[in-house]
Amino acid sequence: MTNQSVKIYEALNWASSFLKENNREEYAGELLLRHYAGLNRTSMLAMMRDELDREVWNHVQAAVKRHADGEPIQYIIGSEEFYGRRFEVNEHVLIPRPETEELVYGTLKRLDKLFPDAYDILLADIGTGSGAISVTLKLEKPDLQVTATDLSTNALQVARKNAGKLGAEVTFIQGDLLQPLILQQTRVDAVISNPPYIPISDQEWMSDIVTEHEPHMALFAGEDGLDLYRRFMNELPLVLKEKALVGFEIGAGQGEAVADLLKNTFPQADVEIVFDINGKDRMVFAEIS
């Protein structure tokens with residue numbers, strides 16, 4: 001379309017049609033339009049015949065074309081909602097998924113059960129990315145002492161920014177998996193992680209929106225996707241206290257394999273595979289006591 005004045009409904013029709021022609025979700029057009037126009041759904045519907053500001057229209061067209069080319073909406077907008085809060089995201093971090101909210105919920109529930117009277121529980125979020133898990137856990141359970149690690153300094157910049165914006169006191173350390181804690185000889189009560197778990201071969205059928213834009217170091221983990229979990233088994237005994245909680249997000253179909261790794265490493269642990277809202281094995285928890 002040209003840069004001439006357009007009404008909101010015309011802009012919406014163009015965006016939806018353009019995305020459909022490019023095999024993208026039509027609804028993304030509405031999300032981008034509302035973002036740049038500063039409208040919620042109700043106000044947009046009420047103003048359908050209003051003219052769209054020329055500058056806003058230029059932004060919308062550019063953003064729709066970027067998404068048509070495969071760039072995720074969240075990176076274009078610069079944020080994603082997680083557990084009722086808005087987190088800044090960019091190409092250096094994985095976009096938080098709804099399934100990971102279930103990992104946070106399950107962690108909070110088990111912390112209350114395992115440490116009912118404890119204060120100053122030390123929890124480590126490993127591979128924090130945007131900080132969605134660590135920041136949310138701290139805000140939902142303020143008496144937690146939360147440390148978050150990531151190998152990527154760029155990811156840690158994003159996580160620190162999110163913690164600052166949302167008012168969460170989290171300690172961020174750059175390093176590979178549990179190495180920062182091992183080097184500091186720190187023992188913790190809980191380790192939570194959403195590590196890379198996608199087998200390399202899955203790239204072939206995955207959406208280009210993911211494979212071409214999200215950081216591969218946060219997605220892929222060897223031939224079977226279990227490389228990081230195996231490394232965790234070597235490092236967890238060096239950082240966990242005698243009584244501890246471990247919580248992992250996993251890929252669908254990996255539940256039994258990850259549960260077996262934990263059972264072999266911690267024979268005394270109560271290990272549980274948890275299914276997500278879509279009925280897929282998505283989390284494995286180990287309660288060690």
# chains A, B, ... in the order shown; residues from 1 in each chain; ligands from 1

$ select_by_dssp --residues "range 101-131 of chain A" --states "strand (DSSP E)" --output "list in words"
Leu122, Leu123, Ala124, Asp125 and Ile126 of chain A

$ residues_around --residues "range 174-177 of chain A" --least-positions-apart "3" --cutoff "8 Å" --atoms "only C-alpha atoms" --output "CSV table (one decimal) with N, CA and C atoms, in the first residue's frame"
chain,number,residue,atom,x,y,z
A,126,ILE,N,19.4,-21.7,35.8
A,126,ILE,CA,20.5,-21.9,34.9
A,126,ILE,C,20.1,-21.8,33.5
A,127,GLY,N,20.9,-20.9,32.8
A,127,GLY,CA,20.5,-20.5,31.4
A,127,GLY,C,19.3,-19.6,31.4
A,149,THR,N,22.3,-17.8,36.0
A,149,THR,CA,23.5,-17.8,35.2
A,149,THR,C,23.1,-17.9,33.7
A,150,ASP,N,24.0,-17.5,32.9
A,150,ASP,CA,23.9,-17.7,31.4
A,150,ASP,C,25.3,-17.6,30.8
A,151,LEU,N,25.5,-18.3,29.8
A,151,LEU,CA,26.8,-18.3,29.1
A,151,LEU,C,26.9,-17.0,28.2
A,152,SER,N,25.8,-16.5,27.8
A,152,SER,CA,25.8,-15.3,26.9
A,152,SER,C,25.7,-14.0,27.7
A,153,THR,N,26.7,-13.2,27.5
A,153,THR,CA,26.7,-11.9,28.2
A,153,THR,C,25.6,-11.0,27.6
A,156,LEU,N,22.5,-11.9,29.4
A,156,LEU,CA,22.5,-11.4,30.8
A,156,LEU,C,22.1,-9.9,30.8
A,180,PRO,N,29.7,-21.4,37.4
A,180,PRO,CA,29.9,-20.3,38.3
A,180,PRO,C,29.7,-20.6,39.8
A,232,PHE,N,24.4,-31.7,33.4
A,232,PHE,CA,23.8,-31.4,34.7
A,232,PHE,C,24.1,-32.5,35.7

$ residues_around --residues "range 283-288 of chain A" --least-positions-apart "6" --cutoff "9 Å" --atoms "only C-alpha atoms" --output "VMD selection string"
chain A and resid 100 102 to 103 106 to 107 110 114 241 to 251 255 to 256 258 to 259 262 to 263 266 268 to 276

$ write_last_selection --atoms "N, CA and C atoms" --output "compact mmCIF listing (two decimals), in the first residue's frame"
# COMPACT_ATOMS: atom_id res chain seq x y z
N THR A 100 6.61 -22.64 29.83
CA THR A 100 7.58 -22.35 30.89
C THR A 100 6.89 -21.73 32.10
N GLU A 102 4.32 -22.95 33.31
CA GLU A 102 3.95 -24.13 34.08
C GLU A 102 5.14 -24.64 34.91
N LEU A 103 6.35 -24.48 34.38
CA LEU A 103 7.56 -24.83 35.14
C LEU A 103 7.67 -23.94 36.38
N GLY A 106 4.92 -24.97 38.89
CA GLY A 106 5.27 -26.24 39.53
C GLY A 106 6.40 -26.08 40.53
N THR A 107 7.34 -25.21 40.23
CA THR A 107 8.46 -24.94 41.14
C THR A 107 7.97 -24.30 42.43
N ARG A 110 6.18 -26.80 44.66
CA ARG A 110 7.08 -27.78 45.30
C ARG A 110 8.00 -27.14 46.34
N LEU A 114 8.32 -28.57 50.03
CA LEU A 114 9.61 -29.10 50.48
C LEU A 114 10.24 -28.25 51.60
N LYS A 241 22.41 -28.85 48.06
CA LYS A 241 22.42 -29.24 49.47
C LYS A 241 21.79 -30.63 49.60
N GLU A 242 21.87 -31.21 50.80
CA GLU A 242 21.35 -32.57 50.99
C GLU A 242 19.86 -32.65 50.68
N LYS A 243 19.13 -31.62 51.10
CA LYS A 243 17.71 -31.54 50.78
C LYS A 243 17.56 -30.49 49.69
N ALA A 244 17.01 -30.89 48.55
CA ALA A 244 17.01 -29.95 47.41
C ALA A 244 15.92 -30.28 46.40
N LEU A 245 15.65 -29.29 45.55
CA LEU A 245 14.69 -29.45 44.46
C LEU A 245 15.40 -29.19 43.14
N VAL A 246 15.15 -30.05 42.15
CA VAL A 246 15.62 -29.82 40.78
C VAL A 246 14.39 -29.79 39.88
N GLY A 247 14.30 -28.78 39.01
CA GLY A 247 13.19 -28.70 38.07
C GLY A 247 13.68 -28.38 36.68
N PHE A 248 13.34 -29.23 35.72
CA PHE A 248 13.75 -29.02 34.33
C PHE A 248 12.53 -28.89 33.43
N GLU A 249 12.60 -27.99 32.45
CA GLU A 249 11.70 -28.08 31.31
C GLU A 249 12.36 -29.02 30.32
N ILE A 250 11.53 -29.80 29.63
CA ILE A 250 12.05 -30.78 28.67
C ILE A 250 11.27 -30.71 27.37
N GLY A 251 11.80 -31.35 26.34
CA GLY A 251 11.06 -31.47 25.08
C GLY A 251 10.08 -32.62 25.16
N GLY A 255 10.68 -37.12 28.68
CA GLY A 255 10.42 -37.28 30.12
C GLY A 255 11.11 -38.47 30.74
N GLU A 256 10.92 -39.65 30.16
CA GLU A 256 11.48 -40.88 30.73
C GLU A 256 13.00 -40.82 30.77
N VAL A 258 15.05 -38.16 30.82
CA VAL A 258 15.56 -37.19 31.81
C VAL A 258 15.28 -37.69 33.23
N ALA A 259 14.12 -38.31 33.43
CA ALA A 259 13.80 -38.86 34.76
C ALA A 259 14.81 -39.95 35.13
N LEU A 262 18.07 -38.47 36.30
CA LEU A 262 17.98 -37.95 37.68
C LEU A 262 17.95 -39.10 38.70
N LYS A 263 17.22 -40.18 38.37
CA LYS A 263 17.14 -41.32 39.30
C LYS A 263 18.51 -41.98 39.49
N PHE A 266 20.57 -39.39 41.58
CA PHE A 266 20.05 -39.23 42.95
C PHE A 266 19.08 -40.37 43.25
N GLN A 268 17.96 -41.60 45.82
CA GLN A 268 17.01 -41.38 46.93
C GLN A 268 15.93 -40.36 46.58
N ALA A 269 16.01 -39.78 45.39
CA ALA A 269 15.09 -38.68 45.04
C ALA A 269 13.70 -39.18 44.63
N ASP A 270 12.72 -38.34 44.88
CA ASP A 270 11.37 -38.56 44.37
C ASP A 270 11.28 -37.82 43.03
N VAL A 271 11.29 -38.57 41.94
CA VAL A 271 11.34 -37.97 40.59
C VAL A 271 9.97 -38.07 39.93
N GLU A 272 9.52 -36.96 39.37
CA GLU A 272 8.16 -36.89 38.80
C GLU A 272 8.19 -36.24 37.41
N ILE A 273 7.55 -36.92 36.46
CA ILE A 273 7.36 -36.34 35.11
C ILE A 273 6.01 -35.63 35.12
N VAL A 274 5.99 -34.37 34.69
CA VAL A 274 4.74 -33.58 34.71
C VAL A 274 4.36 -33.20 33.28
N PHE A 275 3.09 -33.39 32.97
CA PHE A 275 2.58 -33.08 31.63
C PHE A 275 2.02 -31.66 31.60
N ASP A 276 2.17 -30.99 30.45
CA ASP A 276 1.69 -29.61 30.34
C ASP A 276 0.22 -29.57 29.98

$ select_by_dssp --residues "range 65-123 of chain A" --states "alpha helix (DSSP H)" --output "PyMOL selection string"
chain A and resi 65-68+73-77+98-114

$ write_last_selection --atoms "C-alpha atoms" --output "tab-separated table (two decimals), in the first residue's frame"
chain	number	residue	atom	x	y	z
A	65	LYS	CA	6.96	-6.93	6.07
A	66	ARG	CA	9.61	-7.88	8.66
A	67	HIS	CA	7.29	-10.52	10.09
A	68	ALA	CA	6.44	-11.79	6.61
A	73	ILE	CA	6.57	-10.59	16.35
A	74	GLN	CA	8.06	-10.50	19.85
A	75	TYR	CA	11.42	-9.29	18.53
A	76	ILE	CA	9.73	-6.63	16.40
A	77	ILE	CA	7.62	-5.40	19.32
A	98	PRO	CA	3.51	-20.40	27.97
A	99	GLU	CA	4.80	-23.90	28.83
A	100	THR	CA	7.58	-22.35	30.89
A	101	GLU	CA	4.94	-20.63	33.04
A	102	GLU	CA	3.95	-24.13	34.08
A	103	LEU	CA	7.56	-24.83	35.14
A	104	VAL	CA	7.45	-21.72	37.35
A	105	TYR	CA	4.09	-22.69	38.83
A	106	GLY	CA	5.27	-26.24	39.53
A	107	THR	CA	8.46	-24.94	41.14
A	108	LEU	CA	6.61	-22.59	43.49
A	109	LYS	CA	4.23	-25.36	44.53
A	110	ARG	CA	7.08	-27.78	45.30
A	111	LEU	CA	9.18	-25.19	47.14
A	112	ASP	CA	6.27	-24.56	49.51
A	113	LYS	CA	5.91	-28.30	50.08
A	114	LEU	CA	9.61	-29.10	50.48

$ residues_around --residues "Ala148 in chain A" --least-positions-apart "6" --cutoff "6 Å" --atoms "only C-alpha atoms" --output "PyMOL selection string"
chain A and resi 124-126+128+172

$ write_last_selection --atoms "C-alpha atoms" --output "compact mmCIF listing (two decimals), in the first residue's frame"
# COMPACT_ATOMS: atom_id res chain seq x y z
CA ALA A 124 19.63 -20.99 40.93
CA ASP A 125 18.08 -20.50 37.48
CA ILE A 126 20.53 -21.93 34.95
CA THR A 128 18.29 -17.64 32.38
CA PHE A 172 23.30 -12.59 37.63

$ closest_residue --among "A:Ser43, A:Asn22, A:Thr186, A:Gln179" --to "Ile8 in chain A" --atoms "only C-alpha atoms"
A:Ser43

$ closest_residue --among "A:Gly78, A:Gly38, A:Gly279, A:Pro195" --to "Leu228 in chain A" --atoms "only C-alpha atoms"
A:Pro195

$ residues_around --residues "Leu12 in chain A" --least-positions-apart "6" --cutoff "8 Å" --atoms "only C-alpha atoms" --output "CSV table (one decimal) with N, CA and C atoms, in the first residue's frame"
chain,number,residue,atom,x,y,z
A,29,GLY,N,-1.0,-9.4,12.2
A,29,GLY,CA,-1.2,-8.1,11.6
A,29,GLY,C,-1.9,-7.2,12.6
A,30,GLU,N,-2.9,-7.8,13.3
A,30,GLU,CA,-3.7,-7.0,14.4
A,30,GLU,C,-2.7,-6.7,15.5
A,33,LEU,N,-0.4,-3.8,14.5
A,33,LEU,CA,-1.2,-2.6,14.3
A,33,LEU,C,-1.5,-2.0,15.7

$ atom_distance --atom1 "CA of Lys7 in chain A" --atom2 "CA of Gln61 in chain A"
13.5 Å

$ residues_around --residues "Val146 in chain A" --least-positions-apart "3" --cutoff "12 Å" --atoms "only C-alpha atoms" --output "ChimeraX atom specification"
/A:120-126,128,131,133-143,149,163,168-173,188-192

$ atom_distance --atom1 "CA of Ser16 in chain A" --atom2 "CA of Leu32 in chain A"
10.5 Å

$ atom_distance --atom1 "CA of His92 in chain A" --atom2 "CA of Val158 in chain A"
8.1 Å

$ closest_residue --among "A:Leu45, A:Ala159, A:Ala28, A:Phe87" --to "Glu71 in chain A" --atoms "only C-alpha atoms"
A:Ala28

$ closest_residue --among "A:Val239, A:Leu19, A:Ala37, A:Leu52" --to "Gln184 in chain A" --atoms "only C-alpha atoms"
A:Val239
